[in-house]
file upload_33.pdb (PDB, C-alpha atoms)
ATOM      1  CA  MET A 198     -22.967 -33.838   3.124
ATOM      2  CA  SER A 199     -23.949 -31.555   6.040
ATOM      3  CA  ASP A 200     -25.996 -28.410   5.430
ATOM      4  CA  ASP A 201     -22.982 -26.177   6.174
ATOM      5  CA  LYS A 202     -20.721 -28.079   3.767
ATOM      6  CA  HIS A 203     -23.391 -28.021   1.077
ATOM      7  CA  LEU A 204     -23.914 -24.275   1.576
ATOM      8  CA  LYS A 205     -20.166 -23.607   1.477
ATOM      9  CA  GLN A 206     -19.839 -25.424  -1.835
ATOM     10  CA  ALA A 207     -22.858 -23.578  -3.234
ATOM     11  CA  VAL A 208     -21.319 -20.210  -2.298
ATOM     12  CA  LEU A 209     -17.961 -21.194  -3.807
ATOM     13  CA  ASP A 210     -19.719 -22.236  -7.007
ATOM     14  CA  GLU A 211     -21.624 -18.945  -7.144
ATOM     15  CA  LEU A 212     -18.414 -16.947  -6.676
ATOM     16  CA  LYS A 213     -16.813 -18.878  -9.536
ATOM     17  CA  TRP A 214     -19.918 -18.239 -11.641
ATOM     18  CA  GLU A 215     -19.758 -14.456 -11.063
ATOM     19  CA  PRO A 216     -17.512 -13.051 -13.842
ATOM     20  CA  SER A 217     -16.626  -9.874 -11.910
ATOM     21  CA  VAL A 218     -15.048 -11.858  -9.057
ATOM     22  CA  ASN A 219     -11.737 -13.735  -8.966
ATOM     23  CA  ALA A 220     -12.892 -16.592  -6.746
ATOM     24  CA  ALA A 221      -9.394 -18.099  -6.515
ATOM     25  CA  HIS A 222      -8.441 -15.486  -3.914
ATOM     26  CA  ILE A 223     -11.573 -15.764  -1.759
ATOM     27  CA  GLY A 224     -12.136 -18.251   1.049
ATOM     28  CA  VAL A 225     -15.514 -19.260   2.476
ATOM     29  CA  THR A 226     -16.655 -20.633   5.825
ATOM     30  CA  THR A 227     -20.241 -21.364   6.853
ATOM     31  CA  LYS A 228     -22.042 -21.977  10.125
ATOM     32  CA  ASP A 229     -25.822 -22.261  10.558
ATOM     33  CA  GLY A 230     -26.472 -20.338   7.368
ATOM     34  CA  VAL A 231     -24.045 -17.502   8.148
ATOM     35  CA  VAL A 232     -21.344 -17.154   5.479
ATOM     36  CA  THR A 233     -17.941 -15.590   6.107
ATOM     37  CA  LEU A 234     -15.914 -14.390   3.118
ATOM     38  CA  MET A 235     -12.151 -14.019   3.511
ATOM     39  CA  GLY A 236      -9.145 -13.348   1.302
ATOM     40  CA  SER A 237      -8.252 -10.442  -0.952
ATOM     41  CA  VAL A 238      -9.453  -8.715  -4.114
ATOM     42  CA  GLU A 239      -8.003  -6.013  -6.363
ATOM     43  CA  SER A 240     -10.796  -3.447  -6.062
ATOM     44  CA  TYR A 241     -13.555  -2.315  -3.752
ATOM     45  CA  ALA A 242     -16.104  -2.999  -6.495
ATOM     46  CA  GLU A 243     -15.009  -6.647  -6.655
ATOM     47  CA  LYS A 244     -15.424  -6.895  -2.902
ATOM     48  CA  GLN A 245     -19.021  -5.672  -3.220
ATOM     49  CA  HIS A 246     -19.731  -8.086  -6.077
ATOM     50  CA  ALA A 247     -18.488 -11.024  -3.972
ATOM     51  CA  GLU A 248     -20.845 -10.150  -1.127
ATOM     52  CA  THR A 249     -23.776  -9.745  -3.519
ATOM     53  CA  ALA A 250     -23.022 -13.108  -5.125
ATOM     54  CA  ALA A 251     -22.969 -14.863  -1.749
ATOM     55  CA  LEU A 252     -26.311 -13.341  -0.790
ATOM     56  CA  ARG A 253     -27.874 -14.752  -3.953
ATOM     57  CA  VAL A 254     -27.341 -18.326  -2.765
ATOM     58  CA  LYS A 255     -30.372 -20.090  -1.341
ATOM     59  CA  ASP A 256     -30.342 -20.686   2.449
ATOM     60  CA  VAL A 257     -27.762 -17.932   3.124
ATOM     61  CA  LYS A 258     -29.034 -16.055   6.195
ATOM     62  CA  ALA A 259     -26.249 -13.483   6.520
ATOM     63  CA  VAL A 260     -22.809 -12.652   5.144
ATOM     64  CA  ALA A 261     -19.831 -11.575   7.270
ATOM     65  CA  GLU A 262     -17.448  -9.929   4.847
ATOM     66  CA  GLU A 263     -13.759  -9.901   5.831
ATOM     67  CA  ILE A 264     -12.225  -9.476   2.380
ATOM     68  CA  GLU A 265      -9.254  -7.115   2.093
ATOM     69  CA  VAL A 266      -8.733  -4.833  -0.895
ATOM     70  CA  LYS A 267      -5.140  -5.177  -2.159
ATOM     71  CA  LEU A 268      -4.559  -2.859  -5.088
ATOM     72  CA  PRO A 269      -2.372  -4.051  -7.986
ATOM     73  CA  PHE A 270       1.154  -2.615  -8.054
ATOM     74  CA  SER A 271       0.280  -0.935 -11.348
ATOM     75  CA  VAL A 272      -2.355   1.222  -9.630
ATOM     76  CA  LYS A 273      -0.663   4.251  -8.101
ATOM     77  CA  HIS A 274      -3.134   6.930  -7.056
ATOM     78  CA  ASP A 275      -2.593   9.080  -3.992
ATOM     79  CA  ASP A 276      -5.438  10.405  -1.848
ATOM     80  CA  ALA A 277      -5.491  13.772  -3.610
ATOM     81  CA  GLU A 278      -5.938  12.098  -7.011
ATOM     82  CA  ILE A 279      -8.702   9.859  -5.685
ATOM     83  CA  ALA A 280     -10.480  12.828  -4.104
ATOM     84  CA  ALA A 281     -10.279  14.826  -7.337
ATOM     85  CA  ALA A 282     -11.663  11.893  -9.359
ATOM     86  CA  ALA A 283     -14.446  11.394  -6.800
ATOM     87  CA  VAL A 284     -15.506  15.045  -6.935
ATOM     88  CA  GLU A 285     -15.583  14.965 -10.735
ATOM     89  CA  ARG A 286     -17.616  11.757 -10.844
ATOM     90  CA  LEU A 287     -20.152  13.131  -8.369
ATOM     91  CA  ALA A 288     -20.455  16.299 -10.438
ATOM     92  CA  TRP A 289     -21.380  14.204 -13.494
ATOM     93  CA  ASN A 290     -23.925  12.047 -11.633
ATOM     94  CA  VAL A 291     -27.478  13.255 -12.251
ATOM     95  CA  SER A 292     -28.738  11.508  -9.087
ATOM     96  CA  VAL A 293     -26.467  13.491  -6.768
ATOM     97  CA  PRO A 294     -27.522  17.104  -6.059
ATOM     98  CA  LYS A 295     -24.881  19.667  -7.029
ATOM     99  CA  ASP A 296     -22.500  20.591  -4.186
ATOM    100  CA  ALA A 297     -24.514  18.539  -1.659
ATOM    101  CA  VAL A 298     -21.820  15.941  -0.928
ATOM    102  CA  LYS A 299     -18.354  16.484   0.540
ATOM    103  CA  VAL A 300     -15.482  14.004   0.010
ATOM    104  CA  THR A 301     -12.490  13.176   2.191
ATOM    105  CA  VAL A 302      -9.948  10.426   1.459
ATOM    106  CA  SER A 303      -7.473   8.747   3.811
ATOM    107  CA  LYS A 304      -5.240   5.939   2.524
ATOM    108  CA  GLY A 305      -7.738   5.155  -0.212
ATOM    109  CA  TRP A 306     -10.741   5.094   2.129
ATOM    110  CA  VAL A 307     -13.425   7.560   1.010
ATOM    111  CA  THR A 308     -15.763   9.260   3.492
ATOM    112  CA  LEU A 309     -18.859  11.059   2.226
ATOM    113  CA  THR A 310     -20.708  13.729   4.223
ATOM    114  CA  GLY A 311     -23.422  16.283   3.510
ATOM    115  CA  ASP A 312     -27.216  16.403   3.241
ATOM    116  CA  VAL A 313     -29.627  15.122   0.578
ATOM    117  CA  HIS A 314     -33.426  14.878   0.390
ATOM    118  CA  TRP A 315     -33.803  11.255  -0.736
ATOM    119  CA  HIS A 316     -32.289   7.859   0.018
ATOM    120  CA  TYR A 317     -31.624   7.134  -3.667
ATOM    121  CA  GLN A 318     -29.402  10.237  -3.738
ATOM    122  CA  HIS A 319     -27.592   9.002  -0.619
ATOM    123  CA  ASP A 320     -26.902   5.617  -2.241
ATOM    124  CA  ALA A 321     -26.072   7.035  -5.675
ATOM    125  CA  ALA A 322     -23.172   9.036  -4.274
ATOM    126  CA  ALA A 323     -21.476   5.954  -2.785
ATOM    127  CA  ASP A 324     -22.279   3.746  -5.768
ATOM    128  CA  ALA A 325     -20.625   6.247  -8.104
ATOM    129  CA  LEU A 326     -17.286   5.952  -6.302
ATOM    130  CA  ARG A 327     -17.016   2.220  -5.647
ATOM    131  CA  THR A 328     -15.558   1.529  -9.083
ATOM    132  CA  LEU A 329     -12.790   4.144  -8.908
ATOM    133  CA  TRP A 330      -9.286   2.682  -9.010
ATOM    134  CA  GLY A 331      -7.484   3.276  -5.722
ATOM    135  CA  VAL A 332     -10.590   3.234  -3.526
ATOM    136  CA  THR A 333     -10.275   0.665  -0.737
ATOM    137  CA  GLY A 334     -13.551   1.435   1.037
ATOM    138  CA  VAL A 335     -16.442   3.897   1.269
ATOM    139  CA  SER A 336     -18.056   5.282   4.430
ATOM    140  CA  ASN A 337     -21.373   6.879   3.534
ATOM    141  CA  GLN A 338     -22.190   9.411   6.263
ATOM    142  CA  ILE A 339     -24.520  11.532   4.128
ATOM    143  CA  ALA A 340     -27.602  12.592   6.103
ATOM    144  CA  ILE A 341     -31.121  12.372   4.672
ATOM    145  CA  LYS A 342     -33.192  15.460   5.401
ATOM    146  CA  PRO A 343     -36.564  15.366   3.600
ATOM    147  CA  MET A 344     -37.961  18.626   2.275
ATOM    148  CA  ALA A 345     -41.330  17.921   3.913
ATOM    149  CA  ASN A 346     -42.858  15.296   6.166
ATOM    150  CA  ALA A 347     -45.557  13.036   4.737
ATOM    151  CA  GLY A 348     -48.959  12.929   6.376
ATOM    152  CA  ASN A 349     -49.119   9.182   6.868
ATOM    153  CA  ILE A 350     -45.843   7.391   6.130
ATOM    154  CA  LYS A 351     -47.026   3.993   7.378
ATOM    155  CA  SER A 352     -50.138   3.988   5.205
ATOM    156  CA  ASP A 353     -48.197   5.146   2.142
ATOM    157  CA  ILE A 354     -45.610   2.358   2.577
ATOM    158  CA  MET A 355     -48.229  -0.351   3.114
ATOM    159  CA  VAL A 356     -50.057   0.703  -0.058
ATOM    160  CA  ALA A 357     -46.790   0.656  -2.016
ATOM    161  CA  LEU A 358     -45.808  -2.772  -0.621
ATOM    162  CA  ASN A 359     -49.186  -4.214  -1.574
ATOM    163  CA  ARG A 360     -48.798  -2.708  -5.023
ATOM    164  CA  SER A 361     -45.501  -4.647  -5.284
ATOM    165  CA  TRP A 362     -47.331  -7.916  -4.431
ATOM    166  CA  PHE A 363     -46.259  -8.077  -0.755
ATOM    167  CA  SER A 364     -49.032  -9.559   1.374
ATOM    168  CA  PRO A 365     -50.105  -7.473   4.433
ATOM    169  CA  GLU A 366     -49.912 -10.503   6.716
ATOM    170  CA  ASN A 367     -46.254 -11.119   5.800
ATOM    171  CA  ILE A 368     -44.803  -7.624   6.319
ATOM    172  CA  SER A 369     -45.403  -5.161   9.179
ATOM    173  CA  VAL A 370     -44.483  -1.476   9.148
ATOM    174  CA  ALA A 371     -43.852   0.658  12.241
ATOM    175  CA  THR A 372     -43.055   4.378  12.025
ATOM    176  CA  ASP A 373     -41.802   6.994  14.454
ATOM    177  CA  ASP A 374     -41.239  10.528  13.171
ATOM    178  CA  GLY A 375     -39.777   9.463   9.826
ATOM    179  CA  LYS A 376     -38.007   6.374  11.192
ATOM    180  CA  VAL A 377     -39.375   3.171   9.671
ATOM    181  CA  THR A 378     -38.990  -0.395  10.943
ATOM    182  CA  LEU A 379     -39.922  -3.358   8.753
ATOM    183  CA  THR A 380     -40.596  -6.806  10.223
ATOM    184  CA  GLY A 381     -41.988 -10.056   8.874
ATOM    185  CA  THR A 382     -40.774 -12.902   6.687
ATOM    186  CA  VAL A 383     -39.982 -13.428   3.005
ATOM    187  CA  GLU A 384     -38.464 -16.285   1.023
ATOM    188  CA  TYR A 385     -35.574 -14.539  -0.724
ATOM    189  CA  TRP A 386     -33.007 -11.786  -0.102
ATOM    190  CA  ASP A 387     -34.217  -9.934  -3.205
ATOM    191  CA  GLU A 388     -37.680  -9.672  -1.660
ATOM    192  CA  ARG A 389     -36.214  -8.303   1.574
ATOM    193  CA  ALA A 390     -34.201  -5.727  -0.369
ATOM    194  CA  LEU A 391     -37.242  -4.736  -2.438
ATOM    195  CA  ALA A 392     -39.284  -4.116   0.708
ATOM    196  CA  GLY A 393     -36.533  -1.846   2.038
ATOM    197  CA  THR A 394     -36.282   0.069  -1.223
ATOM    198  CA  THR A 395     -40.064   0.510  -1.290
ATOM    199  CA  ALA A 396     -40.060   1.938   2.236
ATOM    200  CA  TRP A 397     -37.248   4.365   1.415
ATOM    201  CA  ALA A 398     -39.296   5.804  -1.456
ATOM    202  CA  ALA A 399     -41.977   7.208   0.871
ATOM    203  CA  PRO A 400     -41.793  10.999   1.349
ATOM    204  CA  GLY A 401     -40.623  11.985   4.819
ATOM    205  CA  VAL A 402     -38.616   8.825   5.569
ATOM    206  CA  THR A 403     -35.262   9.511   7.254
ATOM    207  CA  SER A 404     -34.191   5.950   8.128
ATOM    208  CA  VAL A 405     -35.270   2.369   7.473
ATOM    209  CA  THR A 406     -34.471  -0.547   9.773
ATOM    210  CA  ASN A 407     -35.051  -3.726   7.797
ATOM    211  CA  ASP A 408     -35.668  -6.535  10.292
ATOM    212  CA  ILE A 409     -37.454  -8.768   7.771
ATOM    213  CA  ARG A 410     -36.289 -12.370   8.077
ATOM    214  CA  VAL A 411     -35.456 -14.589   5.123
ATOM    215  CA  HIS A 412     -36.726 -18.168   5.372
TER     216      HIS A 412
END
call {"tool": "encode", "arguments": {"input": "upload_33.pdb", "output": "structure tokens"}}
result
Amino acid sequence: MSDDKHLKQAVLDELKWEPSVNAAHIGVTTKDGVVTLMGSVESYAEKQHAETAALRVKDVKAVAEEIEVKLPFSVKHDDAEIAAAAVERLAWNVSVPKDAVKVTVSKGWVTLTGDVHWHYQHDAAADALRTLWGVTGVSNQIAIKPMANAGNIKSDIMVALNRSWFSPENISVATDDGKVTLTGTVEYWDERALAGTTAWAAPGVTSVTNDIRVH
């Protein structure tokens, strides 16, 4: 069996293994380690779970996600209802600053705008809405505006990475006025994601470009 065929079967098996995904409606193609997911699901959350499951598979280099969200006929929520539910959920989320995020909805697609001080707040807002019935997609356009710039972002990130067991010779950090770029190599996607999360936690960071490669 070729590497692509073996990888395709491994991804299909992982999708079947993931209980939050109906794998029967998802198709998979692979080429040189790049996986394409196609088909349809009943919620935006399921779409996200399918992508996460594919990324867990060994030797997956990237995932191109072309899954369409097709809501069940029993789900009938107009944009105004979705917007009202989104505003309420954000208001109850302790990670999202009060009145910091604005919501607009068009044909089930939610767009978030506003300003927050930290990346975890930026992500928490979108994460809170992905499981709402009727949502077909989320565009997170919330800007990150730190309260104060850190004195040495690069040094702070390198110390934190080393504290999380990353070796200095494997990961490089470049900074430019709050913009961080990570390069290097790791063995697993989880390690790449952890490095990105670690960089985002540094005070003064406004963006992180994660160019770390997965072997």
call {"tool": "resolve_selection", "arguments": {"input": "upload_33.pdb", "expression": "the PyMOL selection byres ((chain A and resi 321) around 10)", "output": "count of residues only"}}
result
15
call {"tool": "closest_residue", "arguments": {"input": "upload_33.pdb", "among": "A:Asn349, A:Thr328, A:Thr406, A:Thr226", "to": "Ser369 in chain A", "atoms": "only C-alpha atoms"}}
result
A:Thr406
call {"tool": "closest_residue", "arguments": {"input": "upload_33.pdb", "among": "A:Ala281, A:Val260, A:Val335, A:Leu329", "to": "Glu239 in chain A", "atoms": "all atoms listed in the file"}}
result
A:Leu329
call {"tool": "closest_residue", "arguments": {"input": "upload_33.pdb", "among": "A:Gly305, A:Gly224, A:Ala283, A:Ser240", "to": "Glu263 in chain A", "atoms": "all atoms listed in the file"}}
result
A:Gly224
call {"tool": "closest_residue", "arguments": {"input": "upload_33.pdb", "among": "A:Ala242, A:Val383, A:Leu212, A:Ala396", "to": "Ile409 in chain A", "atoms": "all atoms listed in the file"}}
result
A:Val383
call {"tool": "residues_near_point", "arguments": {"input": "upload_33.pdb", "point": "(-27.8, 19.8, 5.0)", "cutoff": "10 Å", "atoms": "only C-alpha atoms", "output": "PDB file with C-alpha atoms, keeping the file's coordinate frame"}}
result
ATOM      1  CA  ALA A 297     -24.514  18.539  -1.659  1.00  0.00           C
ATOM      2  CA  VAL A 298     -21.820  15.941  -0.928  1.00  0.00           C
ATOM      3  CA  THR A 310     -20.708  13.729   4.223  1.00  0.00           C
ATOM      4  CA  GLY A 311     -23.422  16.283   3.510  1.00  0.00           C
ATOM      5  CA  ASP A 312     -27.216  16.403   3.241  1.00  0.00           C
ATOM      6  CA  VAL A 313     -29.627  15.122   0.578  1.00  0.00           C
ATOM      7  CA  HIS A 314     -33.426  14.878   0.390  1.00  0.00           C
ATOM      8  CA  ILE A 339     -24.520  11.532   4.128  1.00  0.00           C
ATOM      9  CA  ALA A 340     -27.602  12.592   6.103  1.00  0.00           C
ATOM     10  CA  ILE A 341     -31.121  12.372   4.672  1.00  0.00           C
ATOM     11  CA  LYS A 342     -33.192  15.460   5.401  1.00  0.00           C
ATOM     12  CA  PRO A 343     -36.564  15.366   3.600  1.00  0.00           C
TER      13      PRO A 343
END
call {"tool": "closest_residue", "arguments": {"input": "upload_33.pdb", "among": "A:His222, A:Lys376, A:His203, A:Arg327", "to": "His246 in chain A", "atoms": "all atoms listed in the file"}}
result
A:Arg327
call {"tool": "resolve_selection", "arguments": {"input": "upload_33.pdb", "expression": "the PyMOL selection byres ((chain A and resi 382) around 9)", "output": "list of chain:residue names"}}
result
A:Asn367, A:Ile368, A:Thr380, A:Gly381, A:Val383, A:Glu384, A:Arg389, A:Asp408, A:Ile409, A:Arg410, A:Val411, A:His412
call {"tool": "residues_around", "arguments": {"input": "upload_33.pdb", "residues": "range 243-245 of chain A", "least_positions_apart": "5", "cutoff": "12 Å", "atoms": "all atoms listed in the file", "output": "PyMOL selection string"}}
result
chain A and resi 212+215-220+222-223+234-238+250-252+260+262-268+323-324+327-330+332-335
call {"tool": "write_last_selection", "arguments": {"input": "upload_33.pdb", "atoms": "C-alpha atoms", "output": "mmCIF file, keeping the file's coordinate frame"}}
result
data_model
loop_
_atom_site.group_PDB
_atom_site.id
_atom_site.type_symbol
_atom_site.label_atom_id
_atom_site.label_comp_id
_atom_site.auth_asym_id
_atom_site.auth_seq_id
_atom_site.Cartn_x
_atom_site.Cartn_y
_atom_site.Cartn_z
ATOM 1 C CA LEU A 212 -18.414 -16.947 -6.676
ATOM 2 C CA GLU A 215 -19.758 -14.456 -11.063
ATOM 3 C CA PRO A 216 -17.512 -13.051 -13.842
ATOM 4 C CA SER A 217 -16.626 -9.874 -11.910
ATOM 5 C CA VAL A 218 -15.048 -11.858 -9.057
ATOM 6 C CA ASN A 219 -11.737 -13.735 -8.966
ATOM 7 C CA ALA A 220 -12.892 -16.592 -6.746
ATOM 8 C CA HIS A 222 -8.441 -15.486 -3.914
ATOM 9 C CA ILE A 223 -11.573 -15.764 -1.759
ATOM 10 C CA LEU A 234 -15.914 -14.390 3.118
ATOM 11 C CA MET A 235 -12.151 -14.019 3.511
ATOM 12 C CA GLY A 236 -9.145 -13.348 1.302
ATOM 13 C CA SER A 237 -8.252 -10.442 -0.952
ATOM 14 C CA VAL A 238 -9.453 -8.715 -4.114
ATOM 15 C CA ALA A 250 -23.022 -13.108 -5.125
ATOM 16 C CA ALA A 251 -22.969 -14.863 -1.749
ATOM 17 C CA LEU A 252 -26.311 -13.341 -0.790
ATOM 18 C CA VAL A 260 -22.809 -12.652 5.144
ATOM 19 C CA GLU A 262 -17.448 -9.929 4.847
ATOM 20 C CA GLU A 263 -13.759 -9.901 5.831
ATOM 21 C CA ILE A 264 -12.225 -9.476 2.380
ATOM 22 C CA GLU A 265 -9.254 -7.115 2.093
ATOM 23 C CA VAL A 266 -8.733 -4.833 -0.895
ATOM 24 C CA LYS A 267 -5.140 -5.177 -2.159
ATOM 25 C CA LEU A 268 -4.559 -2.859 -5.088
ATOM 26 C CA ALA A 323 -21.476 5.954 -2.785
ATOM 27 C CA ASP A 324 -22.279 3.746 -5.768
ATOM 28 C CA ARG A 327 -17.016 2.220 -5.647
ATOM 29 C CA THR A 328 -15.558 1.529 -9.083
ATOM 30 C CA LEU A 329 -12.790 4.144 -8.908
ATOM 31 C CA TRP A 330 -9.286 2.682 -9.010
ATOM 32 C CA VAL A 332 -10.590 3.234 -3.526
ATOM 33 C CA THR A 333 -10.275 0.665 -0.737
ATOM 34 C CA GLY A 334 -13.551 1.435 1.037
ATOM 35 C CA VAL A 335 -16.442 3.897 1.269
#
call {"tool": "atom_distance", "arguments": {"input": "upload_33.pdb", "atom1": "CA of Asp210 in chain A", "atom2": "CA of Val231 in chain A"}}
result
16.5 Å
call {"tool": "atom_distance", "arguments": {"input": "upload_33.pdb", "atom1": "CA of Leu391 in chain A", "atom2": "CA of Arg286 in chain A"}}
result
27.0 Å
call {"tool": "closest_residue", "arguments": {"input": "upload_33.pdb", "among": "A:Glu285, A:Pro294, A:Gly331, A:Ala399", "to": "Ser271 in chain A", "atoms": "only C-alpha atoms"}}
result
A:Gly331
call {"tool": "atom_distance", "arguments": {"input": "upload_33.pdb", "atom1": "CA of Gly375 in chain A", "atom2": "CA of Val307 in chain A"}}
result
27.9 Å
call {"tool": "residues_around", "arguments": {"input": "upload_33.pdb", "residues": "Lys202 in chain A", "least_positions_apart": "6", "cutoff": "10 Å", "atoms": "only C-alpha atoms", "output": "count of residues only"}}
result
4
call {"tool": "residues_near_point", "arguments": {"input": "upload_33.pdb", "point": "(-46.7, 5.3, -0.1)", "cutoff": "8 Å", "atoms": "all atoms listed in the file", "output": "list in words"}}
result
Ile350, Lys351, Ser352, Asp353, Ile354, Met355, Val356, Ala357, Ala396, Ala398, Ala399 and Pro400 of chain A
